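Below: query-v9.csv (CSV, C-alpha atoms)
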```csv
chain,number,residue,atom,x,y,z
A,1,MET,CA,0.0,0.0,0.0
A,2,ILE,CA,2.8,2.4,1.0
A,3,VAL,CA,4.8,1.4,-2.1
A,4,ARG,CA,1.8,2.2,-4.3
A,5,LYS,CA,1.2,5.5,-2.6
A,6,ILE,CA,4.9,6.5,-3.1
A,7,ALA,CA,4.6,5.5,-6.8
A,8,TYR,CA,1.5,7.6,-7.1
A,9,LEU,CA,3.2,10.6,-5.5
A,10,LYS,CA,6.2,10.2,-7.8
A,11,SER,CA,3.8,10.1,-10.8
A,12,LEU,CA,2.2,13.3,-9.5
A,13,LEU,CA,5.6,14.9,-9.1
A,14,PHE,CA,6.6,13.9,-12.6
A,15,ILE,CA,3.4,15.5,-14.1
A,16,THR,CA,3.9,18.6,-12.0
A,17,LEU,CA,7.5,19.0,-13.1
A,18,PHE,CA,6.5,18.7,-16.7
A,19,LEU,CA,3.6,21.2,-16.4
A,20,ALA,CA,5.8,23.6,-14.4
A,21,LEU,CA,8.4,23.4,-17.1
A,22,PHE,CA,5.9,24.1,-19.8
A,23,CYS,CA,4.3,27.0,-18.0
A,24,LEU,CA,7.7,28.7,-18.2
A,25,LEU,CA,7.8,28.4,-22.0
A,26,GLU,CA,6.0,30.3,-24.7
A,27,ALA,CA,3.0,28.4,-25.9
A,28,ARG,CA,2.8,27.8,-29.7
A,29,PRO,CA,1.9,25.0,-32.4
A,30,ILE,CA,3.6,22.6,-35.1
A,31,SER,CA,1.7,21.9,-38.3
A,32,TYR,CA,0.0,24.8,-40.0
A,33,PRO,CA,-2.8,26.6,-38.2
A,34,ASN,CA,-6.1,24.8,-37.9
A,35,SER,CA,-4.9,21.6,-39.4
A,36,TRP,CA,-4.9,17.9,-38.4
A,37,THR,CA,-2.0,15.5,-38.8
A,38,PHE,CA,-2.1,11.7,-38.9
A,39,MET,CA,1.1,9.9,-38.1
A,40,GLN,CA,1.8,6.2,-38.1
A,41,GLN,CA,5.2,4.8,-37.2
A,42,HIS,CA,6.4,1.2,-37.2
A,43,ASN,CA,9.9,0.2,-36.1
A,44,TRP,CA,11.8,-2.5,-34.3
A,45,GLU,CA,10.3,-1.5,-30.9
A,46,LYS,CA,6.7,-0.4,-31.5
A,47,THR,CA,3.9,0.6,-33.8
A,48,THR,CA,2.3,3.9,-33.0
A,49,VAL,CA,-0.6,6.0,-34.2
A,50,HIS,CA,-0.6,9.7,-33.5
A,51,ILE,CA,-3.4,12.0,-34.5
A,52,HIS,CA,-3.0,15.6,-33.5
A,53,TYR,CA,-4.6,19.0,-34.1
A,54,SER,CA,-2.6,22.2,-34.5
A,55,PRO,CA,-4.6,25.3,-33.4
A,56,ASN,CA,-1.7,27.6,-34.4
A,57,ALA,CA,1.8,27.3,-35.8
A,58,LYS,CA,3.6,26.4,-32.6
A,59,ASN,CA,1.5,23.8,-30.8
A,60,SER,CA,-0.2,20.6,-31.5
A,61,ILE,CA,-2.1,18.3,-29.1
A,62,GLY,CA,-3.5,14.9,-29.8
A,63,PHE,CA,-3.8,11.2,-29.1
A,64,LEU,CA,-0.9,8.8,-29.1
A,65,GLY,CA,-1.5,5.0,-29.3
A,66,ALA,CA,1.4,2.6,-29.2
A,67,TYR,CA,1.8,-1.2,-29.3
A,68,TYR,CA,5.1,-2.6,-28.1
A,69,GLU,CA,5.9,-5.6,-30.2
A,70,GLU,CA,8.0,-7.6,-27.8
A,71,GLU,CA,6.1,-7.0,-24.5
A,72,LYS,CA,2.7,-6.8,-26.2
A,73,ASP,CA,2.0,-3.7,-24.0
A,74,ARG,CA,-0.4,-1.0,-25.2
A,75,LEU,CA,-0.2,2.7,-24.5
A,76,ASN,CA,-3.0,5.3,-24.7
A,77,ALA,CA,-1.7,8.8,-24.1
A,78,LEU,CA,-2.2,12.5,-24.7
A,79,GLN,CA,0.7,14.1,-26.5
A,80,TRP,CA,1.6,17.8,-26.7
A,81,ASN,CA,4.2,18.9,-29.3
A,82,HIS,CA,5.6,22.4,-28.9
A,83,LEU,CA,7.9,24.5,-31.1
A,84,LEU,CA,10.3,26.0,-28.6
A,85,PHE,CA,12.5,27.8,-31.1
A,86,ARG,CA,12.7,28.4,-34.9
A,87,LYS,CA,15.4,30.1,-36.9
A,88,ASN,CA,14.3,31.0,-40.4
A,89,GLN,CA,17.0,31.8,-43.0
A,90,LYS,CA,16.6,32.4,-46.7
A,91,LYS,CA,17.8,28.9,-47.6
A,92,SER,CA,17.4,27.0,-44.3
A,93,GLN,CA,15.3,26.4,-41.3
A,94,ALA,CA,16.2,25.2,-37.8
A,95,ASN,CA,13.8,24.1,-35.1
A,96,LEU,CA,13.8,23.0,-31.5
A,97,TYR,CA,10.7,21.0,-30.5
A,98,SER,CA,9.6,19.5,-27.2
A,99,MET,CA,7.3,16.6,-27.1
A,100,ILE,CA,5.5,15.3,-24.0
A,101,HIS,CA,3.1,12.5,-23.6
A,102,LEU,CA,1.3,11.3,-20.5
A,103,GLY,CA,-0.9,8.2,-20.5
A,104,ARG,CA,-1.7,4.7,-19.4
A,105,LEU,CA,0.3,1.6,-20.3
A,106,GLU,CA,-1.6,-1.7,-20.3
A,107,LYS,CA,1.0,-4.3,-19.3
A,108,GLU,CA,0.3,-7.6,-21.0
A,109,ILE,CA,2.4,-9.7,-18.6
A,110,SER,CA,0.9,-8.5,-15.4
A,111,GLN,CA,-2.5,-7.4,-16.8
A,112,THR,CA,-2.1,-4.1,-15.0
A,113,LYS,CA,-2.6,-0.5,-16.2
A,114,ILE,CA,0.1,1.9,-15.1
A,115,PHE,CA,1.2,5.4,-15.6
A,116,HIS,CA,3.6,6.1,-18.5
A,117,GLY,CA,5.1,9.5,-19.5
A,118,ALA,CA,7.8,10.7,-21.8
A,119,PHE,CA,9.6,14.0,-22.5
A,120,ASN,CA,11.6,14.5,-25.7
A,121,LEU,CA,13.6,17.3,-27.2
A,122,SER,CA,14.2,17.4,-30.9
A,123,PHE,CA,16.4,19.7,-32.9
A,124,ASP,CA,16.4,19.7,-36.7
A,125,TRP,CA,18.1,21.8,-39.4
A,126,GLU,CA,17.0,21.6,-43.1
A,127,THR,CA,17.8,23.0,-46.4
A,128,ARG,CA,16.4,21.9,-49.7
A,129,LYS,CA,19.3,19.4,-50.1
A,130,HIS,CA,20.4,18.6,-46.6
A,131,PHE,CA,18.7,17.4,-43.4
A,132,PHE,CA,20.0,16.9,-39.8
A,133,LEU,CA,18.1,15.9,-36.7
A,134,TYR,CA,19.1,15.1,-33.2
A,135,ALA,CA,16.6,14.0,-30.6
A,136,ALA,CA,16.8,12.8,-27.0
A,137,GLY,CA,14.3,11.8,-24.4
A,138,ILE,CA,13.4,10.1,-21.2
A,139,GLU,CA,10.5,7.8,-20.5
A,140,HIS,CA,9.1,7.0,-17.2
A,141,THR,CA,6.9,3.9,-16.4
A,142,ASP,CA,5.4,3.2,-13.0
A,143,GLU,CA,6.3,-0.4,-12.6
A,144,PRO,CA,4.5,-2.1,-9.6
A,145,PHE,CA,7.6,-2.3,-7.4
A,146,THR,CA,10.4,-0.4,-9.2
A,147,ASP,CA,10.0,2.8,-11.2
A,148,SER,CA,11.5,2.6,-14.6
A,149,ASN,CA,13.2,5.5,-16.3
A,150,THR,CA,14.9,5.1,-19.6
A,151,PHE,CA,17.0,7.4,-21.8
A,152,HIS,CA,17.3,7.3,-25.5
A,153,GLN,CA,18.7,9.5,-28.3
A,154,LYS,CA,19.0,9.4,-32.0
A,155,ALA,CA,20.5,11.4,-34.9
A,156,ARG,CA,19.5,11.5,-38.5
A,157,ILE,CA,21.2,12.8,-41.5
A,158,GLY,CA,19.7,13.1,-45.0
A,159,ILE,CA,20.5,14.2,-48.5
A,160,ALA,CA,18.1,14.9,-51.4
A,161,PRO,CA,19.5,13.3,-54.6
A,162,TYR,CA,17.6,15.9,-56.6
A,163,VAL,CA,15.7,19.1,-55.8
A,164,ALA,CA,12.1,18.9,-56.8
A,165,PRO,CA,9.9,21.9,-57.4
A,166,TYR,CA,6.9,22.7,-55.2
A,167,GLY,CA,4.1,20.1,-55.4
A,168,LYS,CA,6.3,17.4,-57.1
A,169,LEU,CA,7.6,14.2,-55.5
A,170,HIS,CA,10.5,14.8,-53.1
A,171,THR,CA,12.9,12.1,-52.2
A,172,TRP,CA,15.4,11.9,-49.4
A,173,LEU,CA,18.1,9.3,-48.6
A,174,MET,CA,18.6,9.2,-44.8
A,175,LEU,CA,20.6,7.4,-42.2
A,176,GLN,CA,19.3,7.2,-38.6
A,177,ILE,CA,21.4,6.1,-35.6
A,178,GLU,CA,19.6,5.3,-32.4
A,179,HIS,CA,21.2,4.8,-29.0
A,180,HIS,CA,19.1,3.0,-26.3
A,181,PRO,CA,21.6,2.4,-23.4
A,182,ASP,CA,18.9,1.2,-21.1
A,183,ASP,CA,17.4,-1.5,-23.4
A,184,THR,CA,17.6,-5.0,-21.9
A,185,ASP,CA,18.7,-6.5,-25.2
A,186,SER,CA,22.3,-5.4,-26.1
A,187,ASP,CA,21.5,-5.7,-29.8
A,188,ASN,CA,19.3,-2.7,-29.4
A,189,HIS,CA,21.8,-0.4,-27.7
A,190,ILE,CA,22.9,1.0,-31.1
A,191,ILE,CA,20.8,0.7,-34.1
A,192,ALA,CA,21.5,2.1,-37.6
A,193,THR,CA,18.7,2.4,-40.1
A,194,PRO,CA,19.2,3.5,-43.6
A,195,MET,CA,16.0,4.7,-45.1
A,196,ILE,CA,14.3,6.4,-48.0
A,197,ARG,CA,11.8,9.2,-47.5
A,198,PHE,CA,9.2,10.3,-50.1
A,199,PHE,CA,6.9,13.2,-49.8
A,200,LYS,CA,4.5,14.9,-52.0
A,201,GLY,CA,2.0,17.5,-51.0
A,202,ASP,CA,0.4,16.5,-47.7
A,203,TYR,CA,1.7,12.9,-47.8
A,204,LEU,CA,5.0,11.6,-46.4
A,205,CYS,CA,6.3,8.0,-46.3
A,206,GLU,CA,9.6,6.5,-45.0
A,207,ILE,CA,10.8,3.0,-45.5
A,208,GLY,CA,14.0,1.5,-44.0
A,209,LEU,CA,15.7,-1.6,-42.8
A,210,ASN,CA,17.8,-1.5,-39.6
A,211,SER,CA,21.1,-3.2,-38.6
A,212,ASN,CA,19.0,-6.0,-37.0
A,213,ASN,CA,17.1,-6.6,-40.2
A,214,GLN,CA,13.9,-5.0,-38.9
A,215,ILE,CA,11.6,-2.9,-41.0
A,216,LEU,CA,10.9,0.8,-40.4
A,217,PHE,CA,7.8,2.2,-42.0
A,218,ASN,CA,6.4,5.6,-41.2
A,219,THR,CA,3.6,7.7,-42.8
A,220,ILE,CA,2.3,11.2,-42.2
A,221,ILE,CA,-0.8,12.7,-43.7
A,222,ARG,CA,-1.9,16.3,-43.1
A,223,PHE,CA,-5.3,17.6,-43.7
B,1,MET,CA,0.4,85.3,-55.9
B,2,LYS,CA,3.5,83.6,-54.5
B,3,THR,CA,1.5,82.3,-51.6
B,4,LEU,CA,-1.1,81.0,-54.0
B,5,ILE,CA,1.5,79.2,-56.0
B,6,LEU,CA,3.0,77.7,-52.9
B,7,ILE,CA,-0.3,76.4,-51.6
B,8,LEU,CA,-1.1,75.0,-55.1
B,9,SER,CA,2.3,73.3,-55.2
B,10,ILE,CA,1.9,71.7,-51.8
B,11,PHE,CA,-1.6,70.6,-52.7
B,12,LEU,CA,-0.5,69.0,-56.0
B,13,THR,CA,2.5,67.3,-54.3
B,14,SER,CA,0.2,65.9,-51.6
B,15,PHE,CA,-2.1,64.7,-54.3
B,16,ASN,CA,0.7,63.0,-56.2
B,17,PHE,CA,1.9,61.2,-53.0
B,18,LEU,CA,-1.7,60.1,-52.3
B,19,SER,CA,-2.1,58.8,-55.9
B,20,ALA,CA,1.2,56.9,-55.6
B,21,ASP,CA,0.1,55.3,-52.3
B,22,GLU,CA,-3.3,54.3,-53.7
B,23,SER,CA,-1.8,52.6,-56.8
B,24,TYR,CA,0.7,50.9,-54.4
B,25,GLU,CA,-2.2,49.5,-52.4
B,26,GLU,CA,-4.2,48.6,-55.5
B,27,SER,CA,-1.5,46.7,-57.4
B,28,ASN,CA,-3.0,43.2,-57.8
B,29,GLU,CA,0.2,41.2,-58.2
B,30,ILE,CA,2.4,40.8,-55.1
B,31,LYS,CA,5.7,38.9,-54.7
B,32,ILE,CA,6.4,37.9,-51.1
B,33,HIS,CA,10.0,36.9,-50.2
B,34,VAL,CA,9.9,34.5,-47.3
B,35,LYS,CA,12.6,33.2,-45.0
B,36,GLY,CA,12.5,29.6,-43.8
B,37,MET,CA,10.2,28.2,-46.6
B,38,VAL,CA,12.5,25.3,-47.4
B,39,CYS,CA,10.1,22.4,-47.9
B,40,ASP,CA,6.7,21.5,-49.4
B,41,PHE,CA,5.1,21.3,-46.0
B,42,CYS,CA,6.2,24.9,-45.2
B,43,ALA,CA,5.0,26.1,-48.6
B,44,ARG,CA,1.7,24.3,-48.4
B,45,SER,CA,1.0,26.0,-45.1
B,46,VAL,CA,1.5,29.5,-46.5
B,47,GLU,CA,-0.4,28.6,-49.7
B,48,LYS,CA,-3.4,27.4,-47.8
B,49,THR,CA,-3.4,30.5,-45.6
B,50,PHE,CA,-3.4,33.0,-48.5
B,51,SER,CA,-5.8,30.9,-50.6
B,52,SER,CA,-8.3,31.1,-47.8
B,53,THR,CA,-8.3,34.9,-47.7
B,54,LYS,CA,-11.2,36.5,-49.5
B,55,VAL,CA,-9.0,38.9,-51.5
B,56,VAL,CA,-6.6,36.4,-53.1
B,57,GLU,CA,-7.5,35.0,-56.5
B,58,SER,CA,-4.4,32.7,-57.0
B,59,VAL,CA,-1.2,31.7,-55.2
B,60,ASN,CA,2.0,30.5,-56.9
B,61,VAL,CA,4.9,29.2,-54.8
B,62,ASP,CA,8.5,29.2,-55.9
B,63,LEU,CA,10.4,27.1,-53.4
B,64,ASP,CA,13.8,27.6,-55.1
B,65,ASP,CA,13.7,31.4,-54.5
B,66,GLY,CA,11.5,31.3,-51.4
B,67,VAL,CA,8.9,33.5,-53.1
B,68,ILE,CA,5.1,33.5,-52.9
B,69,GLU,CA,3.3,35.2,-55.8
B,70,LEU,CA,-0.2,36.4,-55.1
B,71,LYS,CA,-2.8,37.6,-57.6
B,72,LEU,CA,-5.5,39.6,-55.9
B,73,LYS,CA,-9.1,39.8,-57.0
B,74,GLU,CA,-10.2,42.8,-59.0
B,75,GLY,CA,-10.4,45.9,-56.8
B,76,LYS,CA,-9.1,44.1,-53.7
B,77,THR,CA,-6.1,45.1,-51.6
B,78,LEU,CA,-3.9,43.3,-49.1
B,79,SER,CA,-1.7,45.5,-46.8
B,80,ASP,CA,1.9,44.8,-46.0
B,81,GLU,CA,1.0,44.5,-42.3
B,82,LYS,CA,-1.6,41.9,-43.1
B,83,ILE,CA,0.9,39.9,-45.2
B,84,LYS,CA,3.5,40.1,-42.5
B,85,LYS,CA,1.0,38.9,-39.9
B,86,LEU,CA,-0.1,35.9,-42.0
B,87,ILE,CA,3.5,34.9,-42.7
B,88,LYS,CA,4.4,35.1,-39.0
B,89,ALA,CA,1.3,33.2,-38.0
B,90,ASN,CA,2.6,30.3,-40.1
B,91,GLY,CA,5.9,30.3,-38.4
B,92,TYR,CA,8.0,31.9,-41.1
B,93,ALA,CA,9.8,35.3,-41.5
B,94,LEU,CA,9.0,38.0,-44.1
B,95,GLU,CA,12.0,39.2,-46.0
B,96,SER,CA,10.4,41.7,-48.4
B,97,ILE,CA,7.3,42.5,-50.5
B,98,GLU,CA,7.3,43.5,-54.1
B,99,ARG,CA,4.3,45.0,-55.8
B,100,ASP,CA,3.6,45.7,-59.4
B,101,GLU,CA,3.3,49.4,-60.1
```

Would you give me this structure, written as structure tokens?
Amino acid sequence: MIVRKIAYLKSLLFITLFLALFCLLEARPISYPNSWTFMQQHNWEKTTVHIHYSPNAKNSIGFLGAYYEEEKDRLNALQWNHLLFRKNQKKSQANLYSMIHLGRLEKEISQTKIFHGAFNLSFDWETRKHFFLYAAGIEHTDEPFTDSNTFHQKARIGIAPYVAPYGKLHTWLMLQIEHHPDDTDSDNHIIATPMIRFFKGDYLCEIGLNSNNQILFNTIIRF
Amino acid sequence: MKTLILILSIFLTSFNFLSADESYEESNEIKIHVKGMVCDFCARSVEKTFSSTKVVESVNVDLDDGVIELKLKEGKTLSDEKIKKLIKANGYALESIERDE
């Protein structure tokens, strides 16, 4: 009973810290104003569906659903993406985003529902020919007896083999390196994923194969 | 007489300035140079915003040069302030505005 109460208080503290942090920041959206975004991601770890609404150009809020392949756990969460900083140049754009989600994880093995939260920071820089991204984050899960905090980071570089005009098919060749030092399987500590990205208009698709021969498949639709 | 000429000159000069300003506002083709518009997603956002305004007839985006070309509806105007506000609301920065004389 006491253990559960301490876990509950820790969860509360976790939420409070996040909210306190965000209260200090300027509030704004991500996609274009008054638009919806549907994102699906499938990789070695999980399959996610993320639907969010952007009321303005610096914030988006929405639902995040995830299914963890190995553990067969399910997550239902609310996610808030926030543009912390943007530097617009004539031929480039740099962004710093924060992403937070808070939700409930349904553990398959113990048949329990526990609190799960994550906080990520993501920096990207893009021109019409080059792309760079670095992201890092922490995840917290209220396990019944031991709290679990994990750290992960990733970097991605990309190059466009040709520069397509507006409205035409754009193609990117990318390489993503992930670092998951807290993963129980050492094969997942460092994962490299070469991939190809296509996008045209409001549609984006990424296909890749990682160093463990697992498929990555992501899609984004804006409407 | 001198005073009359002076008053007339001031009046005519003012009228010329006013006329220039009006034609400036009434030009119906506008080129907007935007900073940070480097991908289709960015351009699409700006295109949708301008297309949804009642005064714009057509929008053409040139991603290579970071330029948005607007054609306004007959007799309609769009002020620099409004353009700057719309660009900023989409998360981009206005570099300059060119209008057809």

Shortest contact to Phe123 (chain A), candidates A:Trp36, A:Trp80, A:Phe85, A:Phe198, atoms counted all atoms listed in the file, goes to A:Phe85

**Report entry** Atomic distance CA of Asn76 (chain A) - CA of Leu64 (chain A), expressed in Å with one decimal
**Finding:**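 According to the coordinates, CA of Asn76 (chain A) and CA of Leu64 (chain A) are separated by 6.0 Å.
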
Using all atoms listed in the file, find each residue of chain A with at least one atom at most 10 Å away from an atom of chain B; report its shortest atom-to-atom pair and that distance in Å (one decimal), sort the rows by chain and rising residue number, and return the result as JSON lines.
```
{"residue": "A:Arg28", "atom": "CA", "partner": "B:Gly91", "partner_atom": "CA", "distance": 9.6}
{"residue": "A:Pro29", "atom": "CA", "partner": "B:Gly91", "partner_atom": "CA", "distance": 8.9}
{"residue": "A:Ile30", "atom": "CA", "partner": "B:Gly91", "partner_atom": "CA", "distance": 8.7}
{"residue": "A:Ser31", "atom": "CA", "partner": "B:Ser45", "partner_atom": "CA", "distance": 8.0}
{"residue": "A:Tyr32", "atom": "CA", "partner": "B:Ser45", "partner_atom": "CA", "distance": 5.3}
{"residue": "A:Pro33", "atom": "CA", "partner": "B:Asn90", "partner_atom": "CA", "distance": 6.8}
{"residue": "A:Asn34", "atom": "CA", "partner": "B:Thr49", "partner_atom": "CA", "distance": 10.0}
{"residue": "A:Ser35", "atom": "CA", "partner": "B:Ser45", "partner_atom": "CA", "distance": 9.3}
{"residue": "A:Asn56", "atom": "CA", "partner": "B:Ala89", "partner_atom": "CA", "distance": 7.3}
{"residue": "A:Ala57", "atom": "CA", "partner": "B:Asn90", "partner_atom": "CA", "distance": 5.3}
{"residue": "A:Lys58", "atom": "CA", "partner": "B:Gly91", "partner_atom": "CA", "distance": 7.4}
{"residue": "A:Leu83", "atom": "CA", "partner": "B:Gly91", "partner_atom": "CA", "distance": 9.5}
{"residue": "A:Arg86", "atom": "CA", "partner": "B:Gly91", "partner_atom": "CA", "distance": 7.9}
{"residue": "A:Lys87", "atom": "CA", "partner": "B:Gly36", "partner_atom": "CA", "distance": 7.5}
{"residue": "A:Asn88", "atom": "CA", "partner": "B:Gly36", "partner_atom": "CA", "distance": 4.1}
{"residue": "A:Gln89", "atom": "CA", "partner": "B:Lys35", "partner_atom": "CA", "distance": 5.0}
{"residue": "A:Lys90", "atom": "CA", "partner": "B:Lys35", "partner_atom": "CA", "distance": 4.4}
{"residue": "A:Lys91", "atom": "CA", "partner": "B:Val38", "partner_atom": "CA", "distance": 6.4}
{"residue": "A:Ser92", "atom": "CA", "partner": "B:Gly36", "partner_atom": "CA", "distance": 5.6}
{"residue": "A:Gln93", "atom": "CA", "partner": "B:Gly36", "partner_atom": "CA", "distance": 4.9}
{"residue": "A:Ala94", "atom": "CA", "partner": "B:Gly36", "partner_atom": "CA", "distance": 8.3}
{"residue": "A:Glu126", "atom": "CA", "partner": "B:Val38", "partner_atom": "CA", "distance": 7.2}
{"residue": "A:Thr127", "atom": "CA", "partner": "B:Val38", "partner_atom": "CA", "distance": 5.9}
{"residue": "A:Arg128", "atom": "CA", "partner": "B:Val38", "partner_atom": "CA", "distance": 5.7}
{"residue": "A:Lys129", "atom": "CA", "partner": "B:Val38", "partner_atom": "CA", "distance": 9.4}
{"residue": "A:Val163", "atom": "CA", "partner": "B:Asp64", "partner_atom": "CA", "distance": 8.7}
{"residue": "A:Ala164", "atom": "CA", "partner": "B:Asp64", "partner_atom": "CA", "distance": 9.0}
{"residue": "A:Pro165", "atom": "CA", "partner": "B:Leu63", "partner_atom": "CA", "distance": 6.6}
{"residue": "A:Tyr166", "atom": "CA", "partner": "B:Leu63", "partner_atom": "CA", "distance": 5.9}
{"residue": "A:Gly167", "atom": "CA", "partner": "B:Asp40", "partner_atom": "CA", "distance": 6.7}
{"residue": "A:Lys168", "atom": "CA", "partner": "B:Asp40", "partner_atom": "CA", "distance": 8.7}
{"residue": "A:Leu169", "atom": "CA", "partner": "B:Asp40", "partner_atom": "CA", "distance": 9.6}
{"residue": "A:His170", "atom": "CA", "partner": "B:Asp40", "partner_atom": "CA", "distance": 8.5}
{"residue": "A:Phe199", "atom": "CA", "partner": "B:Asp40", "partner_atom": "CA", "distance": 8.3}
{"residue": "A:Lys200", "atom": "CA", "partner": "B:Asp40", "partner_atom": "CA", "distance": 7.4}
{"residue": "A:Gly201", "atom": "CA", "partner": "B:Asp40", "partner_atom": "CA", "distance": 6.4}
{"residue": "A:Asp202", "atom": "CA", "partner": "B:Phe41", "partner_atom": "CA", "distance": 6.9}
{"residue": "A:Tyr203", "atom": "CA", "partner": "B:Phe41", "partner_atom": "CA", "distance": 9.2}
{"residue": "A:Leu204", "atom": "CA", "partner": "B:Phe41", "partner_atom": "CA", "distance": 9.7}
{"residue": "A:Arg222", "atom": "CA", "partner": "B:Phe41", "partner_atom": "CA", "distance": 9.1}
```

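For the set A:Trp172, A:Leu75, A:Cys205, A:Glu45, the residue with the smallest atom-to-atom gap to His130 (chain A) is A:Trp172, counting only C-alpha atoms.
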
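For the pair CA of Asn95 (chain A) and CA of Asn120 (chain A), the separation is 13.6 Å.
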
What's around region 96-98 of chain B at 6 Å? Count only C-alpha atoms, leave out sequence neighbours fewer than 3 positions away in its own chain, and write the answer as a PyMOL selection string.
chain B and resi 30-33

Problem set entry | Selection: 12 Å around Thr184 (chain A), all atoms listed in the file, excl. self and same-chain fewer than 5 positions, as an NGL selection string | :A and (70-71 or 150 or 189)

*asked:* Residues within 10 Å of Gln79 (chain A), please, as a VMD selection string. Count all atoms listed in the file; anything in the same chain fewer than 5 positions from it doesn't count.
replied: chain A and resid 50 to 52 60 to 65 99 to 103 117 to 119

Quiz item: Which residues, written as a PyMOL selection string, have at least one atom at most 7 Å from Phe132 (chain A), with only C-alpha atoms counted and residues fewer than 4 positions away on the same chain left out?
Solution: chain A and resi 124-126+156-158

Residue selection dump (C-alpha atoms) as an mmCIF file, in the coordinates of the input:
```
data_model
loop_
_atom_site.group_PDB
_atom_site.id
_atom_site.type_symbol
_atom_site.label_atom_id
_atom_site.label_comp_id
_atom_site.auth_asym_id
_atom_site.auth_seq_id
_atom_site.Cartn_x
_atom_site.Cartn_y
_atom_site.Cartn_z
ATOM 1 C CA ASP A 124 16.400 19.700 -36.700
ATOM 2 C CA TRP A 125 18.100 21.800 -39.400
ATOM 3 C CA GLU A 126 17.000 21.600 -43.100
ATOM 4 C CA ARG A 156 19.500 11.500 -38.500
ATOM 5 C CA ILE A 157 21.200 12.800 -41.500
ATOM 6 C CA GLY A 158 19.700 13.100 -45.000
#
```

Check: How far is it from CA of Glu106 (chain A) to CA of Asp183 (chain A), in Å with one decimal?
Finding: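 If I compute the distance from CA of Glu106 (chain A) to CA of Asp183 (chain A), I get 19.3 Å.
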
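Across A:Ile221, A:Met174, A:Ala77, A:Ile159, the tightest approach to Ile114 (chain A) is made by A:Ala77 when counting all atoms listed in the file.
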